[in-house]
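Asks: One structure follows; several queries about it will come next.
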2 protein chains.
Amino acid sequence: MAKNFTSRQENYSEWYNELVIKADLAENSAVRGCMVIKPYGYAIWEKMRDALDKMFKDTGHSNAYFPLFIPKSFFSKEASHVEGFAKECAVVTHYRLKNDQDGKIVVDETAKLEEELIVRPTSETIIWDTYRNWIQSYRDLPILVNQWANVVRWEMRTRLFLRTAEFLWQEGHTAHETEQEAVAEAEQMLNVYRIFAEEFMALPVLTGTKSPNERFAGALETYCIEALMQDGRALQAGTSHFLGQNFAKAFDVKFLSKNNTQEYVWATSWGVSTRLMGALIMTHSDDNGLVLPPKLAPIQVVFVPIYKKQDELDAISEKVNQIKKTLVDKGISVKYDDRDTQKPGWKFNEYEFKGVPIRVAIGPRDMEEGTAEVVRRDTLEKQIIRLDELENFIPKLLDEIQDNLFKKALNFRETNTFKVDTWDEFQQQIEKGGFILAHWDGTTETEEAIKTATKATVRTIPLDFVEEAGSCVFSGKPSKGRVVFAKAY
Amino acid sequence: MAKNFTSRQENYSEWYNELVIKADLAENSAVRGCMVIKPYGYAIWEKMRDALDKMFKDTGHSNAYFPLFIPKSFFSKEASHVEGFAKECAVVTHYRLKNDQDGKIVVDETAKLEEELIVRPTSETIIWDTYRNWIQSYRDLPILVNQWANVVRWEMRTRLFLRTAEFLWQEGHTAHETEQEAVAEAEQMLNVYRIFAEEFMALPVLTGTKSPNERFAGALETYCIEALMQDGRALQAGTSHFLGQNFAKAFDVKFLSKNNTQEYVWATSWGVSTRLMGALIMTHSDDNGLVLPPKLAPIQVVFVPIYKKQDELDAISEKVNQIKKTLVDKGISVKYDDRDTQKPGWKFNEYEFKGVPIRVAIGPRDMEEGTAEVVRRDTLEKQIIRLDELENFIPKLLDEIQDNLFKKALNFRETNTFKVDTWDEFQQQIEKGGFILAHWDGTTETEEAIKTATKATVRTIPLDFVEEAGSCVFSGKPSKGRVVFAKAY
């Protein structure tokens, strides 16, 4: 399976595209820009979703569900929002098909909607229209709601997981009494995303705010987590927005405050999507295929028997099923692949390509010696382990792999983060890739000029921003400190 | 809260509508026919979804995700399917909006899709178009896939949960080598639905097949679970379809068989939706509000402290938190409502209305005596229970409530199931409600005539159909046995 597989060196972009298809994660569908998420890919997404969902609930949020469709007029209500979202979108104009004279199926022109409906690209408008009825007084606040849903943005150039017309995501939408509380919520959820990325995805991320130019349409502040992929390009992995009172004003959502005054409600929204799958794949995988952090691997350990005769298989199966049970009781997801339709070598390749963290092979000789061959996917290192030690060894090795993947990715990011002080250096380094720490004069004009010249953008103004007087790498104007530039997905 | 609440006797339909709104389950949105599922309603749906999802996985199924949009031409490929589904649907015709001269947002007529896209009303067509590439030989079979998704059917008359333009559901789509295997799958999933309805929803259901007239568009056989609501009307709660080779033929999905021949693949599909929420509500709830079976209750037990002074509250809180911990450790969902903004009486009403299975009230006097007042929601019966017995008493009482709700509903169904042998009796009984067991000649013509005369339809031909010679209650023609008639939601 790993044969005929493009290496990262040859063509990183092609490597990614092939990997997604060949590892059975997703594929393009008959509908332009819409993907099919295959069972193996979806199983990884389910693990992400469940972990995030638990973190959302642990921080006091509940799930709810709002309509797929948004009346066109809703988008006009928040001025900057409409610019950002209402343009490239799927528009529902009719609600019936009919047979024409030739028996062909055509749109029934008499069934035209009075007002067109937009398939949600994001749900601030419909949700704030709803919140108006939910909120009368401060006693109704805060509202801490999240939605797991599909959304549609009519992208022209699409790539599986990274940019698709339809994608799956979660969108949190919260309502608060005070500005302070809303800002704290936006920051809390950014932190939830950071912890999730680090602890589950083994993905080191920078946390910070976006420049005004890169802000969410309608937000006063956009917080983000930014990761660095193996080709040196950045990927925005999640955002959390402080929306101020913009949507409350647009949808007239006021509350009676404790001081008996009518006030507009303060808002946040925050989301991550199936794009995280792209980040996960691009961060850890290698020229042998997918590499998955154990916490998100649908299969954490696979056992492969090696045998010639039925009685050999029977003895191995008995032993494996015994070990499997103890591992499953510890919450580990184990597969025993005793299919006789495929050879062990084929199975080794298959599970290696699909990123199963640990592979255990047991043959008759191992049975005699009471050992097994254990191969970890991250380093491909082989070890001989005593069978009676497996139940303790495997959980420890899973933890070790999880840690190792994070450290490796962190090390990659650190060695690919550069302080740059001149425009020449900047241009050279941007071509090579990586995060660039450089002074910026803080204007949108300069940001745009840098983007035009190099395709690089301000990825984030770090939360741990250090005041440091300097001059902008492009304009030479004064700067208060370094921000993070990169070319991005 | 229960005041100004319509009783079932007064107006069953109004009672339902009010209950859904007042218990914070769902509400109508700004988009015609689309509902907002509120956090409390969604929490119940999540419990249903999780229980079903586990049952699907335990029977070997995996989840996947397919596009929201379906090209119009796909619907024409399966002749009966298009009749059933492609007519009342949301049609996407454009992919861009723009500002007109006045700055108003309008559809950009230059951004017209070459082929219109239909928002999925069900996914057989797009999924079988995908399966064509997944299936080459018998080794690729079976495919056992399920999808959790939103779907849209442009209903003219909508009711929260029961019939909405957009709803949430799961749709299983499986592919098999043989007819026998596909039929077994369809029957297995019907059985999964029956067990789920009985064991989680405490909902007794009849299992059987549909008459040809009521079959799913494109199916050779539709199996269903049918429940009886408190007003004597039936509700179809889930369906499982044996699709034969219809979709394989329509989308040219063949496989190389073990005998080295090219064969069309056999298919099933099966689904339940947020409509189950309607069934749940209408089966158990009463004039005091919602009644939830413990297995699906977001809050299973609520503790309410009764106190005047802070030190009384402190003592109660300490005790409750202790008991709560032991209950939570047993997997029970417990809420301790120690808010000082509401009086105990208000809280009692609130939790009663929201169907929390068990309420425990503890005051200073109880503390002295080492007891608590326990009220079960299903019977509203009060009991005094020793505090140190609560941790054992509550789990048992939850089981008892779950059982009792099922028995009560089963008893209701049994006393509202009638054998009827004459057309006069039939017409009279149909007006009163209930399941009617009557002879039917098996023709669509008679079924239609009965429907026109009484609004009743054949709900199901029971799986445990008993051969019994008789004459059709309407036509007098020979019949082989009784089928189940009712007026239905």
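Lettering and numbering for the structure tokens are positional, with chains as A, B, ... in the shown order, residues counted from 1 in each chain, and ligands counted from 1 in the shown order.
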Write out as CSV the residues of chain A that have any atom within 7 Å of an atom of chain B, one row each with the nearest atom pair and its distance in Å to one decimal, counting only C-alpha atoms, sorted by chain and then rising number.

Replies:
residue,atom,partner,partner_atom,distance
A:Val31,CA,B:Pro71,CA,6.8
A:Cys34,CA,B:Pro67,CA,5.9
A:Met35,CA,B:Pro67,CA,6.4
A:Val36,CA,B:Phe66,CA,4.7
A:Ile37,CA,B:Tyr65,CA,4.9
A:Lys38,CA,B:Ala64,CA,5.2
A:Pro39,CA,B:Ala64,CA,4.7
A:Tyr42,CA,B:Ala64,CA,5.4
A:Ser62,CA,B:Pro39,CA,5.9
A:Asn63,CA,B:Pro39,CA,5.6
A:Ala64,CA,B:Pro39,CA,4.7
A:Tyr65,CA,B:Ile37,CA,4.9
A:Phe66,CA,B:Val36,CA,4.7
A:Pro67,CA,B:Cys34,CA,5.9
A:Phe69,CA,B:Val31,CA,6.9
A:Ile70,CA,B:Val31,CA,6.9
A:Pro71,CA,B:Val31,CA,6.8
A:Ser76,CA,B:Ile105,CA,6.9
A:Ala86,CA,B:Leu97,CA,6.4
A:Lys87,CA,B:Leu97,CA,4.8
A:Glu88,CA,B:Arg96,CA,4.7
A:Cys89,CA,B:Tyr95,CA,5.0
A:Ala90,CA,B:Tyr95,CA,4.6
A:Val91,CA,B:His94,CA,5.2
A:Val92,CA,B:Val92,CA,4.2
A:Thr93,CA,B:Val92,CA,6.3
A:His94,CA,B:Val91,CA,5.2
A:Tyr95,CA,B:Ala90,CA,4.6
A:Arg96,CA,B:Glu88,CA,4.7
A:Leu97,CA,B:Lys87,CA,4.8
A:Lys98,CA,B:Lys87,CA,6.3
A:Ile105,CA,B:Ser76,CA,6.9
A:Trp154,CA,B:Tyr95,CA,6.6

Asks: Would you list, as number ranges by chain, the residues of stretch 23-213 of chain B that end up in helix (DSSP H, G or I) under DSSP run on this structure's backbone?

Replies: B: 39-58, 72-75, 79-85, 124-134, 138-140, 179-199, 212-213

Asks: Residues within 10 Å of A:Leu190, please, as a ChimeraX atom specification. Count only C-alpha atoms; anything in the same chain fewer than 6 positions from it doesn't count.

Replies: /A:184,196,207-208,222-225,238-241,270-271

Asks: Tell me, in Å to one decimal, how far atom CA of B:Ile299 is from atom CA of B:His284.

Replies: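 Distance between the two atoms: 16.5 Å.
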
Asks: Could you tell me how far atom CA of B:Thr460 sits from atom CA of B:Glu447, in Å to one decimal place?

Replies: 12.0 Å

Asks: Residues at most 7 Å from stretch 420-425 of chain A, counting only C-alpha atoms, excluding those fewer than 3 positions away in the same chain, as a compact mmCIF listing (two decimals) with N, CA, C and O atoms, in the first residue's frame?

Replies:
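Wrote selection25.txt, looks like this:
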# COMPACT_ATOMS: atom_id res chain seq x y z
N GLN A 428 13.53 35.91 2.15
CA GLN A 428 14.22 34.63 2.00
C GLN A 428 13.60 33.55 2.89
O GLN A 428 13.33 32.43 2.46
N GLN A 429 13.41 33.93 4.17
CA GLN A 429 12.93 32.93 5.11
C GLN A 429 11.49 32.50 4.79
O GLN A 429 11.14 31.31 4.92
N ILE A 436 7.80 33.25 11.38
CA ILE A 436 8.76 34.34 11.42
C ILE A 436 8.31 35.36 12.46
O ILE A 436 7.18 35.84 12.41
N LEU A 437 9.19 35.64 13.40
CA LEU A 437 8.91 36.67 14.40
C LEU A 437 9.54 37.96 13.91
O LEU A 437 10.76 38.05 13.80
N ALA A 438 8.70 38.91 13.59
CA ALA A 438 9.24 40.16 13.03
C ALA A 438 8.45 41.35 13.53
O ALA A 438 7.28 41.22 13.93
N VAL A 473 9.62 45.51 9.79
CA VAL A 473 10.47 44.83 8.83
C VAL A 473 10.20 45.29 7.40
O VAL A 473 11.08 45.22 6.54
N PHE A 474 9.01 45.80 7.16
CA PHE A 474 8.67 46.24 5.81
C PHE A 474 8.75 47.76 5.66
O PHE A 474 9.44 48.28 4.79

Asks: I'd like the neighbourhood of stretch 4-21 of chain A as a list in words, where a residue qualifies if any of its atoms comes within 9 Å (using only C-alpha atoms), though same-chain residues fewer than 4 positions away should be ignored.

Replies: Leu25, Ala26, Glu27, Asn28, Gly41, Arg159, Leu160, Phe161, Gln230, Asp231, Gly278, Ile281, Met282, Ser285, Asp286, Asp287, Asn288, Gly289, Leu290 and Phe353 of chain A

Asks: Excluding A:Asp340 and its own-chain neighbours fewer than 6 positions away, which residues fall within 12 Å of it when counting only C-alpha atoms? Please give them as a list in words.

Replies: Val304, Pro305, Ile306, Tyr307, Lys308, Lys309, Gln310, Leu313, Trp346 and Lys347 of chain A

Asks: Find the spatial neighbours of B:Ala297, counting only C-alpha atoms, within a cut-off of 12 Å - ignore same-chain residues fewer than 5 positions away - and output them as a ChimeraX atom specification.

Replies: /B:40-48,200-202,280-281,290-292,302,332-335,351,354-358,377,398,401-402

Asks: Those selected residues, please, written with N, CA, C and O atoms and delivered as a compact mmCIF listing (two decimals), in the first residue's frame.

Replies:
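Printed below is out08.txt as written:
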# COMPACT_ATOMS: atom_id res chain seq x y z
N TYR B 40 -32.47 21.78 26.70
CA TYR B 40 -33.06 20.67 27.47
C TYR B 40 -33.59 19.59 26.53
O TYR B 40 -33.42 18.39 26.79
N GLY B 41 -34.22 19.99 25.44
CA GLY B 41 -34.68 19.02 24.45
C GLY B 41 -33.52 18.30 23.78
O GLY B 41 -33.55 17.08 23.58
N TYR B 42 -32.47 19.07 23.49
CA TYR B 42 -31.32 18.47 22.82
C TYR B 42 -30.61 17.46 23.72
O TYR B 42 -30.09 16.45 23.26
N ALA B 43 -30.62 17.74 25.03
CA ALA B 43 -29.96 16.82 25.97
C ALA B 43 -30.67 15.46 25.97
O ALA B 43 -30.03 14.41 26.10
N ILE B 44 -31.99 15.48 25.79
CA ILE B 44 -32.74 14.21 25.70
C ILE B 44 -32.37 13.51 24.39
O ILE B 44 -32.11 12.30 24.36
N TRP B 45 -32.36 14.27 23.30
CA TRP B 45 -31.99 13.71 21.99
C TRP B 45 -30.58 13.12 22.03
O TRP B 45 -30.32 12.05 21.48
N GLU B 46 -29.66 13.79 22.70
CA GLU B 46 -28.28 13.27 22.82
C GLU B 46 -28.26 11.91 23.51
O GLU B 46 -27.51 11.03 23.13
N LYS B 47 -29.10 11.77 24.53
CA LYS B 47 -29.14 10.48 25.24
C LYS B 47 -29.69 9.39 24.32
O LYS B 47 -29.22 8.25 24.34
N MET B 48 -30.70 9.75 23.53
CA MET B 48 -31.23 8.78 22.56
C MET B 48 -30.15 8.41 21.56
O MET B 48 -29.93 7.24 21.25
N PHE B 200 -35.25 1.90 26.41
CA PHE B 200 -34.81 3.27 26.73
C PHE B 200 -36.00 4.23 26.80
O PHE B 200 -36.10 5.02 27.73
N MET B 201 -36.87 4.15 25.79
CA MET B 201 -37.99 5.09 25.75
C MET B 201 -39.18 4.61 26.58
O MET B 201 -40.14 5.36 26.75
N ALA B 202 -39.13 3.37 27.08
CA ALA B 202 -40.27 2.77 27.78
C ALA B 202 -41.52 2.81 26.91
O ALA B 202 -42.63 3.03 27.37
N LEU B 280 -41.92 10.17 22.49
CA LEU B 280 -41.55 10.10 23.91
C LEU B 280 -42.46 11.00 24.75
O LEU B 280 -43.00 10.60 25.78
N ILE B 281 -42.61 12.22 24.27
CA ILE B 281 -43.40 13.21 25.00
C ILE B 281 -44.86 12.77 25.10
O ILE B 281 -45.47 12.78 26.17
N LEU B 290 -44.09 17.29 31.55
CA LEU B 290 -43.30 16.22 30.95
C LEU B 290 -43.09 15.08 31.96
O LEU B 290 -42.94 15.33 33.16
N VAL B 291 -43.09 13.84 31.44
CA VAL B 291 -42.66 12.70 32.24
C VAL B 291 -41.60 11.98 31.40
O VAL B 291 -41.86 11.63 30.25
N LEU B 292 -40.40 11.84 31.97
CA LEU B 292 -39.31 11.23 31.21
C LEU B 292 -38.92 9.89 31.82
O LEU B 292 -38.78 9.78 33.04
N VAL B 302 -33.20 15.32 41.33
CA VAL B 302 -32.87 16.67 41.75
C VAL B 302 -33.05 16.77 43.27
O VAL B 302 -34.01 16.24 43.84
N ILE B 332 -25.36 7.99 37.96
CA ILE B 332 -26.65 8.68 37.99
C ILE B 332 -26.42 10.18 37.84
O ILE B 332 -25.48 10.74 38.39
N SER B 333 -27.30 10.80 37.05
CA SER B 333 -27.17 12.23 36.80
C SER B 333 -27.98 13.02 37.84
O SER B 333 -29.20 12.92 37.91
N VAL B 334 -27.26 13.76 38.68
CA VAL B 334 -27.87 14.41 39.83
C VAL B 334 -27.71 15.92 39.75
O VAL B 334 -26.65 16.42 39.39
N LYS B 335 -28.76 16.64 40.07
CA LYS B 335 -28.64 18.09 40.19
C LYS B 335 -28.96 18.51 41.62
O LYS B 335 -29.94 18.05 42.20
N TYR B 351 -39.27 21.29 38.26
CA TYR B 351 -38.73 19.96 37.96
C TYR B 351 -39.83 18.96 37.65
O TYR B 351 -39.64 18.02 36.88
N LYS B 354 -40.70 19.62 34.11
CA LYS B 354 -39.67 19.18 33.17
C LYS B 354 -39.41 17.68 33.22
O LYS B 354 -38.50 17.17 32.58
N GLY B 355 -40.20 16.98 34.03
CA GLY B 355 -40.17 15.52 33.98
C GLY B 355 -39.00 14.85 34.67
O GLY B 355 -38.68 13.70 34.37
N VAL B 356 -38.36 15.55 35.60
CA VAL B 356 -37.25 14.92 36.34
C VAL B 356 -37.82 13.75 37.15
O VAL B 356 -38.75 13.94 37.94
N PRO B 357 -37.30 12.53 36.94
CA PRO B 357 -37.93 11.34 37.53
C PRO B 357 -38.06 11.35 39.06
O PRO B 357 -39.06 10.92 39.59
N ILE B 358 -37.02 11.85 39.75
CA ILE B 358 -37.07 11.82 41.21
C ILE B 358 -36.68 13.18 41.79
O ILE B 358 -35.69 13.78 41.39
N ARG B 377 -41.82 11.17 39.91
CA ARG B 377 -42.58 11.96 38.95
C ARG B 377 -43.71 11.17 38.29
O ARG B 377 -44.76 11.74 37.97
N LEU B 398 -35.28 4.45 40.33
CA LEU B 398 -35.15 4.81 38.91
C LEU B 398 -35.53 3.62 38.02
O LEU B 398 -36.29 3.77 37.06
N ILE B 401 -39.29 3.17 38.17
CA ILE B 401 -40.01 4.16 37.35
C ILE B 401 -39.92 3.79 35.87
O ILE B 401 -40.91 3.83 35.14
N GLN B 402 -38.72 3.40 35.45
CA GLN B 402 -38.54 2.99 34.05
C GLN B 402 -39.50 1.84 33.71
O GLN B 402 -40.23 1.89 32.71

Asks: Using DSSP on the backbone coordinates, identify the residues of stretch 302-483 of chain B assigned to strand (DSSP E or B); present them as number ranges by chain.

Replies: B: 302-305, 334-336, 358-362, 371-376, 382-386, 417-419, 435-439, 457-462, 470-471, 478-479, 482-483

Asks: The selected residues should be written to file as a PDB file, in the first residue's frame (atoms: C-alpha atoms).

Replies:
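again-v2.pdb, freshly written:
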ATOM      1  CA  VAL B 302     -32.874  16.674  41.755  1.00  0.00           C
ATOM      2  CA  PHE B 303     -32.174  17.655  45.353  1.00  0.00           C
ATOM      3  CA  VAL B 304     -33.912  20.746  46.697  1.00  0.00           C
ATOM      4  CA  PRO B 305     -32.856  22.188  50.070  1.00  0.00           C
ATOM      5  CA  VAL B 334     -27.868  14.408  39.834  1.00  0.00           C
ATOM      6  CA  LYS B 335     -28.635  18.093  40.187  1.00  0.00           C
ATOM      7  CA  TYR B 336     -28.450  19.948  43.472  1.00  0.00           C
ATOM      8  CA  ILE B 358     -37.072  11.824  41.213  1.00  0.00           C
ATOM      9  CA  ARG B 359     -37.169  14.872  43.455  1.00  0.00           C
ATOM     10  CA  VAL B 360     -35.636  14.819  46.917  1.00  0.00           C
ATOM     11  CA  ALA B 361     -36.404  17.615  49.363  1.00  0.00           C
ATOM     12  CA  ILE B 362     -34.418  18.032  52.588  1.00  0.00           C
ATOM     13  CA  THR B 371     -34.684  11.502  56.484  1.00  0.00           C
ATOM     14  CA  ALA B 372     -35.700  13.086  53.189  1.00  0.00           C
ATOM     15  CA  GLU B 373     -38.908  13.453  51.230  1.00  0.00           C
ATOM     16  CA  VAL B 374     -38.701  11.593  47.944  1.00  0.00           C
ATOM     17  CA  VAL B 375     -41.263  12.213  45.193  1.00  0.00           C
ATOM     18  CA  ARG B 376     -41.394  10.117  42.054  1.00  0.00           C
ATOM     19  CA  LYS B 382     -44.301  10.812  48.250  1.00  0.00           C
ATOM     20  CA  GLN B 383     -42.119   8.675  50.479  1.00  0.00           C
ATOM     21  CA  ILE B 384     -40.002   9.419  53.526  1.00  0.00           C
ATOM     22  CA  ILE B 385     -36.638   7.714  53.139  1.00  0.00           C
ATOM     23  CA  ARG B 386     -33.715   7.563  55.530  1.00  0.00           C
ATOM     24  CA  THR B 417     -56.449  -2.374  20.867  1.00  0.00           C
ATOM     25  CA  PHE B 418     -59.718  -3.673  19.460  1.00  0.00           C
ATOM     26  CA  LYS B 419     -60.724  -6.572  17.273  1.00  0.00           C
ATOM     27  CA  PHE B 435     -55.290   0.185  17.251  1.00  0.00           C
ATOM     28  CA  ILE B 436     -57.894  -1.774  15.345  1.00  0.00           C
ATOM     29  CA  LEU B 437     -57.269  -5.377  14.348  1.00  0.00           C
ATOM     30  CA  ALA B 438     -59.384  -6.045  11.307  1.00  0.00           C
ATOM     31  CA  HIS B 439     -59.484  -8.189   8.220  1.00  0.00           C
ATOM     32  CA  THR B 457     -54.508   3.528   7.324  1.00  0.00           C
ATOM     33  CA  VAL B 458     -52.949   0.110   7.644  1.00  0.00           C
ATOM     34  CA  ARG B 459     -50.283   0.858  10.218  1.00  0.00           C
ATOM     35  CA  THR B 460     -48.629  -2.506   9.987  1.00  0.00           C
ATOM     36  CA  ILE B 461     -48.978  -6.137   9.057  1.00  0.00           C
ATOM     37  CA  PRO B 462     -47.626  -7.607  12.288  1.00  0.00           C
ATOM     38  CA  GLY B 470     -62.019 -13.922   7.361  1.00  0.00           C
ATOM     39  CA  SER B 471     -63.620 -11.277   5.203  1.00  0.00           C
ATOM     40  CA  PRO B 478     -61.549 -12.922   1.575  1.00  0.00           C
ATOM     41  CA  SER B 479     -58.718 -12.064   3.966  1.00  0.00           C
ATOM     42  CA  ARG B 482     -55.974  -9.290  10.686  1.00  0.00           C
ATOM     43  CA  VAL B 483     -53.804  -6.246  10.161  1.00  0.00           C
TER      44      VAL B 483
END

Asks: Go through B:Ser80, B:Gln236, B:Thr283, B:Gln300 and flag the residue nearest B:Arg194, using only C-alpha atoms for the distances.

Replies: B:Gln236

Asks: So the first atom is atom CA of A:Ala449 and the second is atom CA of A:Lys210; what is the distance between them in Å, to one decimal place?

Replies: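 Taking atom CA of A:Ala449 as the start and atom CA of A:Lys210 as the end point, the length is 17.1 Å.
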